[in-house]
file upload.cif (mmCIF, C-alpha atoms)
data_input
#
loop_
_atom_site.label_atom_id
_atom_site.label_comp_id
_atom_site.auth_asym_id
_atom_site.auth_seq_id
_atom_site.Cartn_x
_atom_site.Cartn_y
_atom_site.Cartn_z
CA MET M 1 -94.26 10.77 97.30
CA PRO M 2 -95.81 7.31 96.83
CA ALA M 3 -95.55 5.79 93.37
CA THR M 4 -98.70 5.18 91.33
CA SER M 5 -99.01 2.25 88.97
CA GLU M 6 -98.30 4.68 86.08
CA THR M 7 -95.06 6.07 87.56
CA LEU M 8 -93.84 2.75 89.00
CA THR M 9 -90.97 1.63 86.78
CA ALA M 10 -88.61 -1.32 87.23
CA GLU M 11 -85.79 1.18 87.87
CA ARG M 12 -87.79 2.90 90.62
CA ILE M 13 -88.46 -0.48 92.26
CA LEU M 14 -84.75 -1.34 92.11
CA GLU M 15 -83.80 2.00 93.67
CA ALA M 16 -86.25 1.34 96.50
CA THR M 17 -84.90 -2.21 96.87
CA GLU M 18 -81.38 -0.89 97.29
CA GLU M 19 -82.63 1.56 99.91
CA VAL M 20 -84.35 -1.28 101.80
CA LEU M 21 -81.14 -3.32 101.60
CA ARG M 22 -79.07 -0.38 102.79
CA ARG M 23 -81.31 0.13 105.82
CA HIS M 24 -82.04 -3.47 106.77
CA GLY M 25 -79.25 -5.66 105.38
CA PRO M 26 -79.20 -8.65 103.04
CA ALA M 27 -81.92 -10.66 104.81
CA LYS M 28 -84.48 -8.01 103.79
CA ALA M 29 -85.54 -6.85 100.32
CA THR M 30 -88.60 -9.00 100.02
CA VAL M 31 -91.31 -7.84 97.61
CA VAL M 32 -93.50 -6.79 100.54
CA ASP M 33 -90.74 -4.68 102.16
CA VAL M 34 -90.11 -2.92 98.87
CA ALA M 35 -93.82 -2.34 98.16
CA ARG M 36 -94.20 -0.81 101.62
CA ALA M 37 -91.23 1.53 101.05
CA LEU M 38 -92.79 2.67 97.75
CA GLY M 39 -96.29 3.03 99.19
CA VAL M 40 -97.76 0.64 96.59
CA SER M 41 -99.42 -2.78 96.79
CA HIS M 42 -97.14 -5.79 96.47
CA GLY M 43 -99.20 -6.71 93.37
CA SER M 44 -97.76 -3.62 91.63
CA VAL M 45 -94.22 -4.78 92.35
CA TYR M 46 -95.03 -8.34 91.22
CA ARG M 47 -96.05 -6.94 87.79
CA HIS M 48 -92.36 -6.03 87.31
CA PHE M 49 -90.64 -8.80 89.30
CA ARG M 50 -92.50 -12.07 89.53
CA THR M 51 -90.68 -13.49 92.55
CA LYS M 52 -88.53 -12.36 95.45
CA ALA M 53 -85.63 -14.22 93.80
CA ALA M 54 -86.15 -12.29 90.53
CA LEU M 55 -86.13 -8.98 92.43
CA ARG M 56 -82.95 -9.87 94.35
CA GLU M 57 -81.22 -11.02 91.16
CA ALA M 58 -82.20 -7.84 89.31
CA VAL M 59 -80.90 -5.55 92.03
CA THR M 60 -77.65 -7.55 92.22
CA LYS M 61 -77.21 -7.32 88.43
CA ARG M 62 -77.80 -3.55 88.58
CA TRP M 63 -75.12 -3.22 91.26
CA LEU M 64 -72.61 -5.36 89.34
CA ASP M 65 -73.29 -3.54 86.05
CA ARG M 66 -72.66 -0.12 87.58
CA ALA M 67 -68.90 -0.45 87.03
CA THR M 68 -69.14 -2.14 83.65
CA GLN M 69 -69.91 0.87 81.44
CA GLU M 70 -66.61 2.69 81.95
CA LEU M 71 -64.77 -0.60 81.35
CA ALA M 72 -66.72 -1.20 78.14
CA GLY M 73 -65.56 2.22 76.93
CA ILE M 74 -61.91 1.28 77.44
CA ALA M 75 -62.38 -2.09 75.73
CA ALA M 76 -64.15 -0.52 72.73
CA ASP M 77 -61.53 2.18 72.11
CA ALA M 78 -59.81 0.83 68.99
CA GLY M 79 -57.34 3.74 68.90
CA ARG M 80 -55.75 2.81 72.24
CA ASP M 81 -52.44 0.95 72.39
CA PRO M 82 -53.37 -2.67 73.35
CA GLU M 83 -50.85 -2.88 76.19
CA ALA M 84 -52.11 0.42 77.63
CA GLY M 85 -55.64 -0.90 77.11
CA VAL M 86 -55.00 -4.01 79.25
CA ARG M 87 -53.35 -1.92 81.97
CA GLU M 88 -56.06 0.75 82.02
CA TRP M 89 -58.91 -1.76 81.92
CA LEU M 90 -57.49 -3.74 84.88
CA ALA M 91 -56.74 -0.53 86.80
CA ALA M 92 -60.27 0.77 86.16
CA LEU M 93 -61.78 -2.52 87.41
CA PHE M 94 -59.65 -2.39 90.59
CA ALA M 95 -60.52 1.31 91.13
CA ALA M 96 -64.25 0.69 90.64
CA LYS M 97 -64.29 -2.22 93.12
CA ARG M 98 -62.24 -0.29 95.69
CA LEU M 99 -64.53 2.70 95.40
CA LYS M 100 -67.60 0.52 95.99
CA ALA M 101 -66.01 -1.34 98.91
CA GLY M 102 -64.52 1.74 100.59
CA GLY M 103 -67.33 4.19 99.86
CA ASP M 104 -70.15 2.21 101.45
CA PRO M 105 -68.72 -0.89 103.18
CA GLU M 106 -72.08 -2.04 104.59
CA LEU M 107 -73.84 -1.94 101.25
CA PHE M 108 -70.82 -3.67 99.69
CA ALA M 109 -71.05 -6.45 102.29
CA THR M 110 -74.79 -6.74 101.65
CA TYR M 111 -74.28 -7.07 97.90
CA SER M 112 -71.47 -9.59 98.46
CA VAL M 113 -74.00 -11.81 100.28
CA LEU M 114 -76.54 -11.33 97.48
CA ALA M 115 -73.92 -12.10 94.81
CA GLY M 116 -73.08 -15.32 96.66
CA GLU M 117 -76.69 -16.42 96.16
CA ALA M 118 -77.03 -15.25 92.54
CA GLY M 119 -74.64 -17.65 90.78
CA GLU M 120 -75.96 -17.07 87.27
CA VAL M 121 -76.02 -13.28 87.58
CA VAL M 122 -72.40 -13.32 88.76
CA SER M 123 -71.24 -15.70 86.03
CA GLY M 124 -72.99 -13.49 83.45
CA HIS M 125 -71.17 -10.46 84.87
CA ILE M 126 -67.81 -12.25 84.76
CA ALA M 127 -68.50 -13.45 81.20
CA GLU M 128 -69.20 -9.85 80.14
CA LEU M 129 -66.00 -8.59 81.77
CA THR M 130 -63.78 -11.32 80.32
CA GLY M 131 -65.46 -10.68 76.95
CA GLN M 132 -64.28 -7.07 77.10
CA LEU M 133 -60.78 -8.18 78.04
CA THR M 134 -60.81 -10.71 75.18
CA ALA M 135 -61.56 -7.88 72.73
CA ILE M 136 -58.50 -5.93 73.93
CA VAL M 137 -56.23 -9.01 73.78
CA ARG M 138 -57.52 -9.93 70.31
CA ALA M 139 -56.86 -6.38 69.05
CA GLY M 140 -53.32 -6.70 70.41
CA VAL M 141 -52.77 -9.99 68.60
CA GLU M 142 -54.12 -8.51 65.36
CA ALA M 143 -51.83 -5.49 65.75
CA GLY M 144 -48.86 -7.86 66.19
CA VAL M 145 -48.15 -6.57 69.72
CA PHE M 146 -49.32 -9.62 71.68
CA ALA M 147 -48.42 -13.23 70.95
CA VAL M 148 -50.97 -15.56 72.52
CA ALA M 149 -52.46 -18.70 70.98
CA ASP M 150 -56.01 -18.06 72.17
CA PRO M 151 -57.26 -14.60 73.25
CA VAL M 152 -60.20 -16.12 75.18
CA THR M 153 -57.89 -18.29 77.29
CA ALA M 154 -55.43 -15.43 77.81
CA ALA M 155 -58.22 -13.02 78.85
CA ARG M 156 -59.58 -15.52 81.38
CA ALA M 157 -56.05 -16.00 82.74
CA LEU M 158 -55.60 -12.20 83.05
CA PHE M 159 -58.91 -11.92 84.90
CA GLN M 160 -58.20 -14.82 87.25
CA ALA M 161 -54.58 -13.80 87.91
CA THR M 162 -55.77 -10.35 89.05
CA GLY M 163 -58.57 -11.73 91.26
CA ARG M 164 -56.86 -10.41 94.38
CA PHE M 165 -57.59 -6.92 93.02
CA HIS M 166 -61.25 -7.33 92.12
CA ASP M 167 -62.70 -10.32 94.00
CA PRO M 168 -64.83 -8.94 96.90
CA GLY M 169 -63.35 -11.60 99.19
CA TYR M 170 -60.11 -9.58 99.18
CA ALA M 171 -61.75 -6.20 99.94
CA LYS M 172 -59.90 -5.86 103.26
CA GLU M 173 -56.55 -6.11 101.47
CA TRP M 174 -57.40 -3.10 99.28
CA GLU M 175 -56.90 -0.69 102.18
CA ARG M 176 -53.44 -1.98 103.10
CA PRO M 177 -50.43 0.19 102.28
CA GLY M 178 -48.47 -1.26 99.36
CA VAL M 179 -51.47 -2.76 97.57
CA GLU M 180 -50.97 -0.42 94.57
CA ALA M 181 -47.39 -1.63 94.14
CA GLU M 182 -48.55 -5.26 94.42
CA PHE M 183 -51.15 -4.64 91.73
CA GLU M 184 -48.56 -3.01 89.44
CA ALA M 185 -46.14 -5.94 89.89
CA VAL M 186 -48.79 -8.51 88.96
CA VAL M 187 -49.94 -6.49 85.93
CA ASP M 188 -46.33 -5.90 84.77
CA LEU M 189 -45.62 -9.62 84.81
CA LEU M 190 -48.87 -10.46 82.97
CA VAL M 191 -48.42 -7.78 80.29
CA ARG M 192 -44.85 -8.99 79.67
CA GLY M 193 -46.34 -12.46 79.23
CA LEU M 194 -48.70 -11.20 76.52
CA ARG M 195 -46.01 -9.51 74.44
CA ARG M 196 -44.60 -10.91 71.23
CA MET G 1 -52.55 -45.46 126.58
CA PRO G 2 -52.47 -42.27 128.65
CA ALA G 3 -49.32 -40.19 128.31
CA THR G 4 -47.06 -39.75 131.32
CA SER G 5 -45.11 -36.57 131.90
CA GLU G 6 -42.00 -38.39 130.54
CA THR G 7 -43.61 -39.45 127.24
CA LEU G 8 -45.63 -36.27 126.73
CA THR G 9 -43.93 -34.37 123.90
CA ALA G 10 -45.07 -31.20 122.11
CA GLU G 11 -45.67 -33.31 118.98
CA ARG G 12 -47.89 -35.75 120.89
CA ILE G 13 -49.91 -32.81 122.27
CA LEU G 14 -50.30 -31.36 118.77
CA GLU G 15 -51.48 -34.72 117.40
CA ALA G 16 -54.09 -34.91 120.15
CA THR G 17 -55.09 -31.30 119.48
CA GLU G 18 -55.73 -32.09 115.82
CA GLU G 19 -57.81 -35.10 116.88
CA VAL G 20 -59.89 -32.89 119.22
CA LEU G 21 -60.34 -30.37 116.39
CA ARG G 22 -61.33 -33.11 113.97
CA ARG G 23 -63.99 -34.41 116.35
CA HIS G 24 -65.35 -31.16 117.76
CA GLY G 25 -64.59 -28.36 115.28
CA PRO G 26 -62.70 -25.07 115.53
CA ALA G 27 -64.43 -23.82 118.70
CA LYS G 28 -62.76 -26.63 120.68
CA ALA G 29 -59.09 -27.41 121.22
CA THR G 30 -58.74 -25.73 124.58
CA VAL G 31 -55.88 -26.88 126.80
CA VAL G 32 -58.37 -28.74 129.05
CA ASP G 33 -59.97 -30.62 126.12
CA VAL G 34 -56.57 -31.72 124.90
CA ALA G 35 -55.37 -32.73 128.38
CA ARG G 36 -58.52 -34.86 128.82
CA ALA G 37 -57.96 -36.56 125.44
CA LEU G 38 -54.38 -37.41 126.47
CA GLY G 39 -55.35 -38.53 129.99
CA VAL G 40 -52.96 -36.02 131.60
CA SER G 41 -53.45 -32.97 133.82
CA HIS G 42 -53.81 -29.63 132.07
CA GLY G 43 -50.69 -28.56 133.95
CA SER G 44 -48.70 -31.09 131.89
CA VAL G 45 -49.96 -29.51 128.68
CA TYR G 46 -49.26 -26.00 129.98
CA ARG G 47 -45.61 -26.99 130.45
CA HIS G 48 -45.38 -27.22 126.63
CA PHE G 49 -47.92 -24.54 125.58
CA ARG G 50 -48.36 -21.69 127.99
CA THR G 51 -51.76 -20.50 126.70
CA LYS G 52 -54.71 -21.72 124.66
CA ALA G 53 -53.70 -19.19 121.96
CA ALA G 54 -50.15 -20.63 121.85
CA LEU G 55 -51.56 -24.16 121.43
CA ARG G 56 -53.92 -23.11 118.64
CA GLU G 57 -51.15 -21.22 116.84
CA ALA G 58 -48.77 -24.17 117.11
CA VAL G 59 -51.27 -26.65 115.68
CA THR G 60 -52.10 -24.22 112.85
CA LYS G 61 -48.41 -23.77 112.05
CA ARG G 62 -47.92 -27.55 112.01
CA TRP G 63 -50.82 -27.90 109.55
CA LEU G 64 -49.53 -25.13 107.27
CA ASP G 65 -45.96 -26.47 107.35
CA ARG G 66 -47.02 -29.96 106.32
CA ALA G 67 -46.96 -28.97 102.62
CA THR G 68 -43.87 -26.81 102.84
CA GLN G 69 -41.19 -29.51 102.93
CA GLU G 70 -41.79 -30.88 99.43
CA LEU G 71 -41.88 -27.32 98.10
CA ALA G 72 -38.60 -26.52 99.86
CA GLY G 73 -37.04 -29.49 98.05
CA ILE G 74 -38.08 -28.11 94.65
CA ALA G 75 -36.84 -24.61 95.52
CA ALA G 76 -33.47 -25.93 96.75
CA ASP G 77 -32.76 -28.10 93.68
CA ALA G 78 -30.09 -26.00 91.95
CA GLY G 79 -29.85 -28.45 89.03
CA ARG G 80 -33.43 -27.86 87.89
CA ASP G 81 -34.22 -25.58 84.94
CA PRO G 82 -35.58 -22.36 86.53
CA GLU G 83 -38.69 -22.24 84.34
CA ALA G 84 -39.49 -25.87 85.17
CA GLY G 85 -38.78 -25.01 88.81
CA VAL G 86 -41.40 -22.23 88.87
CA ARG G 87 -43.97 -24.45 87.15
CA GLU G 88 -43.32 -27.46 89.40
CA TRP G 89 -43.27 -25.42 92.58
CA LEU G 90 -46.63 -23.74 91.77
CA ALA G 91 -48.13 -27.08 90.68
CA ALA G 92 -46.92 -28.76 93.89
CA LEU G 93 -48.47 -25.98 95.99
CA PHE G 94 -51.80 -26.30 94.17
CA ALA G 95 -51.72 -30.11 94.48
CA ALA G 96 -50.92 -29.98 98.20
CA LYS G 97 -53.76 -27.54 98.92
CA ARG G 98 -56.25 -29.52 96.83
CA LEU G 99 -55.27 -32.73 98.57
CA LYS G 100 -55.81 -31.16 101.99
CA ALA G 101 -59.13 -29.57 100.98
CA GLY G 102 -60.51 -32.63 99.16
CA GLY G 103 -59.11 -35.33 101.45
CA ASP G 104 -60.65 -34.07 104.68
CA PRO G 105 -62.95 -31.09 103.93
CA GLU G 106 -64.12 -30.68 107.55
CA LEU G 107 -60.62 -30.55 108.97
CA PHE G 108 -59.67 -28.14 106.15
CA ALA G 109 -62.60 -25.87 107.09
CA THR G 110 -61.58 -26.07 110.75
CA TYR G 111 -58.00 -25.07 109.96
CA SER G 112 -59.23 -22.27 107.68
CA VAL G 113 -61.06 -20.80 110.69
CA LEU G 114 -57.94 -21.20 112.86
CA ALA G 115 -55.74 -19.63 110.17
CA GLY G 116 -58.11 -16.65 110.04
CA GLU G 117 -57.38 -16.06 113.73
CA ALA G 118 -53.62 -16.67 113.54
CA GLY G 119 -52.51 -13.68 111.43
CA GLU G 120 -48.82 -13.87 112.33
CA VAL G 121 -48.57 -17.63 111.78
CA VAL G 122 -50.14 -17.23 108.33
CA SER G 123 -47.94 -14.30 107.34
CA GLY G 124 -44.89 -16.28 108.46
CA HIS G 125 -46.05 -19.21 106.30
CA ILE G 126 -46.58 -16.93 103.28
CA ALA G 127 -43.18 -15.31 103.84
CA GLU G 128 -41.54 -18.74 103.86
CA LEU G 129 -43.32 -19.76 100.64
CA THR G 130 -42.53 -16.55 98.77
CA GLY G 131 -38.95 -16.87 100.01
CA GLN G 132 -38.70 -20.26 98.29
CA LEU G 133 -40.16 -18.80 95.11
CA THR G 134 -37.72 -15.89 95.30
CA ALA G 135 -34.82 -18.37 95.38
CA ILE G 136 -36.06 -20.01 92.15
CA VAL G 137 -36.60 -16.65 90.41
CA ARG G 138 -33.18 -15.39 91.52
CA ALA G 139 -31.51 -18.55 90.19
CA GLY G 140 -33.29 -17.92 86.86
CA VAL G 141 -32.03 -14.34 86.72
CA GLU G 142 -28.47 -15.48 87.53
CA ALA G 143 -28.69 -18.15 84.80
CA GLY G 144 -29.80 -15.46 82.33
CA VAL G 145 -33.15 -17.21 81.71
CA PHE G 146 -35.39 -14.73 83.53
CA ALA G 147 -35.32 -10.94 83.15
CA VAL G 148 -36.89 -9.30 86.17
CA ALA G 149 -35.65 -6.22 87.99
CA ASP G 150 -36.34 -7.54 91.49
CA PRO G 151 -36.76 -11.28 92.26
CA VAL G 152 -38.54 -10.52 95.57
CA THR G 153 -41.19 -8.39 93.83
CA ALA G 154 -41.58 -10.91 91.01
CA ALA G 155 -41.95 -13.83 93.44
CA ARG G 156 -44.64 -11.99 95.40
CA ALA G 157 -46.45 -11.23 92.13
CA LEU G 158 -46.26 -14.92 91.11
CA PHE G 159 -47.66 -15.98 94.47
CA GLN G 160 -50.48 -13.42 94.45
CA ALA G 161 -51.39 -13.99 90.78
CA THR G 162 -51.87 -17.71 91.50
CA GLY G 163 -53.94 -17.11 94.67
CA ARG G 164 -57.00 -18.66 93.04
CA PHE G 165 -55.07 -21.96 93.09
CA HIS G 166 -53.84 -21.95 96.67
CA ASP G 167 -55.94 -19.54 98.75
CA PRO G 168 -58.36 -21.66 100.88
CA GLY G 169 -61.17 -19.20 100.05
CA TYR G 170 -61.22 -20.71 96.54
CA ALA G 171 -61.31 -24.35 97.68
CA LYS G 172 -64.73 -24.94 96.12
CA GLU G 173 -63.38 -23.94 92.68
CA TRP G 174 -60.71 -26.65 92.85
CA GLU G 175 -63.27 -29.39 92.25
CA ARG G 176 -64.76 -27.77 89.13
CA PRO G 177 -63.95 -29.33 85.74
CA GLY G 178 -61.52 -27.18 83.79
CA VAL G 179 -59.64 -25.86 86.81
CA GLU G 180 -56.42 -27.58 85.68
CA ALA G 181 -56.55 -25.81 82.30
CA GLU G 182 -57.21 -22.50 84.06
CA PHE G 183 -54.19 -23.06 86.28
CA GLU G 184 -51.99 -23.90 83.28
CA ALA G 185 -53.13 -20.76 81.39
CA VAL G 186 -52.28 -18.49 84.34
CA VAL G 187 -48.89 -20.15 84.88
CA ASP G 188 -48.06 -20.01 81.13
CA LEU G 189 -48.71 -16.28 81.04
CA LEU G 190 -46.67 -15.64 84.20
CA VAL G 191 -43.70 -17.76 83.10
CA ARG G 192 -43.65 -15.97 79.72
CA GLY G 193 -43.58 -12.73 81.70
CA LEU G 194 -40.48 -13.86 83.60
CA ARG G 195 -38.48 -14.77 80.50
CA ARG G 196 -35.69 -12.67 79.06
#
call {"tool": "encode", "arguments": {"input": "upload.cif", "output": "structure tokens"}}
result
Amino acid sequence: MPATSETLTAERILEATEEVLRRHGPAKATVVDVARALGVSHGSVYRHFRTKAALREAVTKRWLDRATQELAGIAADAGRDPEAGVREWLAALFAAKRLKAGGDPELFATYSVLAGEAGEVVSGHIAELTGQLTAIVRAGVEAGVFAVADPVTAARALFQATGRFHDPGYAKEWERPGVEAEFEAVVDLLVRGLRR
Amino acid sequence: MPATSETLTAERILEATEEVLRRHGPAKATVVDVARALGVSHGSVYRHFRTKAALREAVTKRWLDRATQELAGIAADAGRDPEAGVREWLAALFAAKRLKAGGDPELFATYSVLAGEAGEVVSGHIAELTGQLTAIVRAGVEAGVFAVADPVTAARALFQATGRFHDPGYAKEWERPGVEAEFEAVVDLLVRGLRR
């Protein structure tokens, strides 16, 4: 059913954009392609996204944010033991990335190309994730479980030291046997480093 | 001066191969290209390297090994404090990679392509490096400074957790301001994790 200007929401446009990307790869997803898929004029799409770049950034942000909600829940749970919180948050990030990469490898590759172009969207995403990790580390310091001078620095170090288990550039490694044990060994060492 | 079959050594062929790669990029460095650069017949080159693949693997191994000697010296120094050993070894690896990437970016890019093709050469290189790190960790356990259940597992975790600071895929990050502080924060956390 074609969208009308009343039913055409930003979310509907982004869904259609992802479908265009899925079918035609990262070079596509221009405003005109998306308008055609929705059966609307490109003017209707431009009312929501003023440029092709804005549309591509918005769909990339939507893709990146998809994993973030579950992680935010772990970070916000004040009742959780801080060490378990760090472990569960890092494991949930790894699981979410693996699921995306393994579940639909072509779409994952397409979004990896888009993310490479959308520097600010990606740095915003990373800032949000390290912010969540900072909250867990800070709670651990306040509870007297962790001893680190600066939770922001420690959270960034945790995020960067586990890059092999969430950076899309390593996606091929995530299917290798033994990768779970490698992840556990890195997290064990890091969590020991946080402790008082 | 053209090489004669008496003066033509494997090392001389590998030097010429690197020069061919430097001038013409990763697609080149066939046995014929290298023979032409040396002014010898391709048969003379084939006496040292039986296939194009063998030549490309040998020149890649030579490039990867160039940094390894200094690192081996750090790992073998039994008199060094183990914690200082881990820090210095990781810092030397980072410095060596940065120097290669920054000093001759095109040759670095060329060798990154070659390394991507030479899976066994690269895994041999990584095995050698983690072996050195294992020796330092084991010495720390024996001295009662480090408390880890398995030095091999811990060394692999150290190597993987610092990938951002030696994996060629991150070379662009190495020029950003603040990368030194990021490296220090990751190493601090890891070394704390090793301690008894």
call {"tool": "closest_atom_pairs", "arguments": {"input": "upload.cif", "of": "chain G", "to": "chain M", "cutoff": "8 Å", "atoms": "only C-alpha atoms", "output": "JSON lines"}}
result
{"residue": "G:Thr153", "atom": "CA", "partner": "M:Ala185", "partner_atom": "CA", "distance": 6.8}
{"residue": "G:Ala154", "atom": "CA", "partner": "M:Ala185", "partner_atom": "CA", "distance": 6.8}
{"residue": "G:Arg156", "atom": "CA", "partner": "M:Glu182", "partner_atom": "CA", "distance": 7.8}
{"residue": "G:Ala157", "atom": "CA", "partner": "M:Val186", "partner_atom": "CA", "distance": 4.8}
{"residue": "G:Leu158", "atom": "CA", "partner": "M:Val186", "partner_atom": "CA", "distance": 7.2}
{"residue": "G:Gln160", "atom": "CA", "partner": "M:Arg164", "partner_atom": "CA", "distance": 7.1}
{"residue": "G:Ala161", "atom": "CA", "partner": "M:Ala161", "partner_atom": "CA", "distance": 4.3}
{"residue": "G:Thr162", "atom": "CA", "partner": "M:Ala161", "partner_atom": "CA", "distance": 6.0}
{"residue": "G:Gly163", "atom": "CA", "partner": "M:Arg164", "partner_atom": "CA", "distance": 7.3}
{"residue": "G:Arg164", "atom": "CA", "partner": "M:Gln160", "partner_atom": "CA", "distance": 7.1}
{"residue": "G:Gly169", "atom": "CA", "partner": "M:Gly169", "partner_atom": "CA", "distance": 8.0}
{"residue": "G:Glu182", "atom": "CA", "partner": "M:Ala157", "partner_atom": "CA", "distance": 6.7}
{"residue": "G:Ala185", "atom": "CA", "partner": "M:Ala157", "partner_atom": "CA", "distance": 5.7}
{"residue": "G:Val186", "atom": "CA", "partner": "M:Ala157", "partner_atom": "CA", "distance": 4.8}
{"residue": "G:Asp188", "atom": "CA", "partner": "M:Gly193", "partner_atom": "CA", "distance": 8.0}
{"residue": "G:Leu189", "atom": "CA", "partner": "M:Gly193", "partner_atom": "CA", "distance": 4.8}
{"residue": "G:Leu190", "atom": "CA", "partner": "M:Leu190", "partner_atom": "CA", "distance": 5.8}
{"residue": "G:Val191", "atom": "CA", "partner": "M:Gly193", "partner_atom": "CA", "distance": 7.1}
{"residue": "G:Arg192", "atom": "CA", "partner": "M:Gly193", "partner_atom": "CA", "distance": 4.4}
{"residue": "G:Gly193", "atom": "CA", "partner": "M:Gly193", "partner_atom": "CA", "distance": 3.7}
{"residue": "G:Leu194", "atom": "CA", "partner": "M:Leu189", "partner_atom": "CA", "distance": 6.8}
call {"tool": "atom_distance", "arguments": {"input": "upload.cif", "atom1": "atom CA of Pro168 of chain G", "atom2": "atom CA of Ser112 of chain G"}}
result
6.9 Å
call {"tool": "atom_distance", "arguments": {"input": "upload.cif", "atom1": "atom CA of Ala29 of chain G", "atom2": "atom CA of Arg56 of chain G"}}
result
7.2 Å
call {"tool": "resolve_selection", "arguments": {"input": "upload.cif", "expression": "the PyMOL selection byres ((chain M and resi 67) around 9)", "output": "VMD selection string"}}
result
chain M and resid 63 to 66 68 to 71 92 to 93 96 to 97
call {"tool": "atom_distance", "arguments": {"input": "upload.cif", "atom1": "atom CA of Asp33 of chain G", "atom2": "atom CA of Val122 of chain G"}}
result
24.3 Å
call {"tool": "resolve_selection", "arguments": {"input": "upload.cif", "expression": "the PyMOL selection byres ((chain M and resi 45-48) around 7)", "output": "MDAnalysis selection string"}}
result
chainID M and resid 10 31 35 42:44 49:51
call {"tool": "resolve_selection", "arguments": {"input": "upload.cif", "expression": "the PyMOL selection byres ((chain M and resi 138) around 12)", "output": "number ranges by chain"}}
result
M: 75-76, 78, 82-83, 85-86, 130-137, 139-155, 194
call {"tool": "closest_residue", "arguments": {"input": "upload.cif", "among": "G:Leu114, G:Leu8, G:Val40, G:Ala95", "to": "Leu55 of chain G", "atoms": "only C-alpha atoms"}}
result
G:Leu114
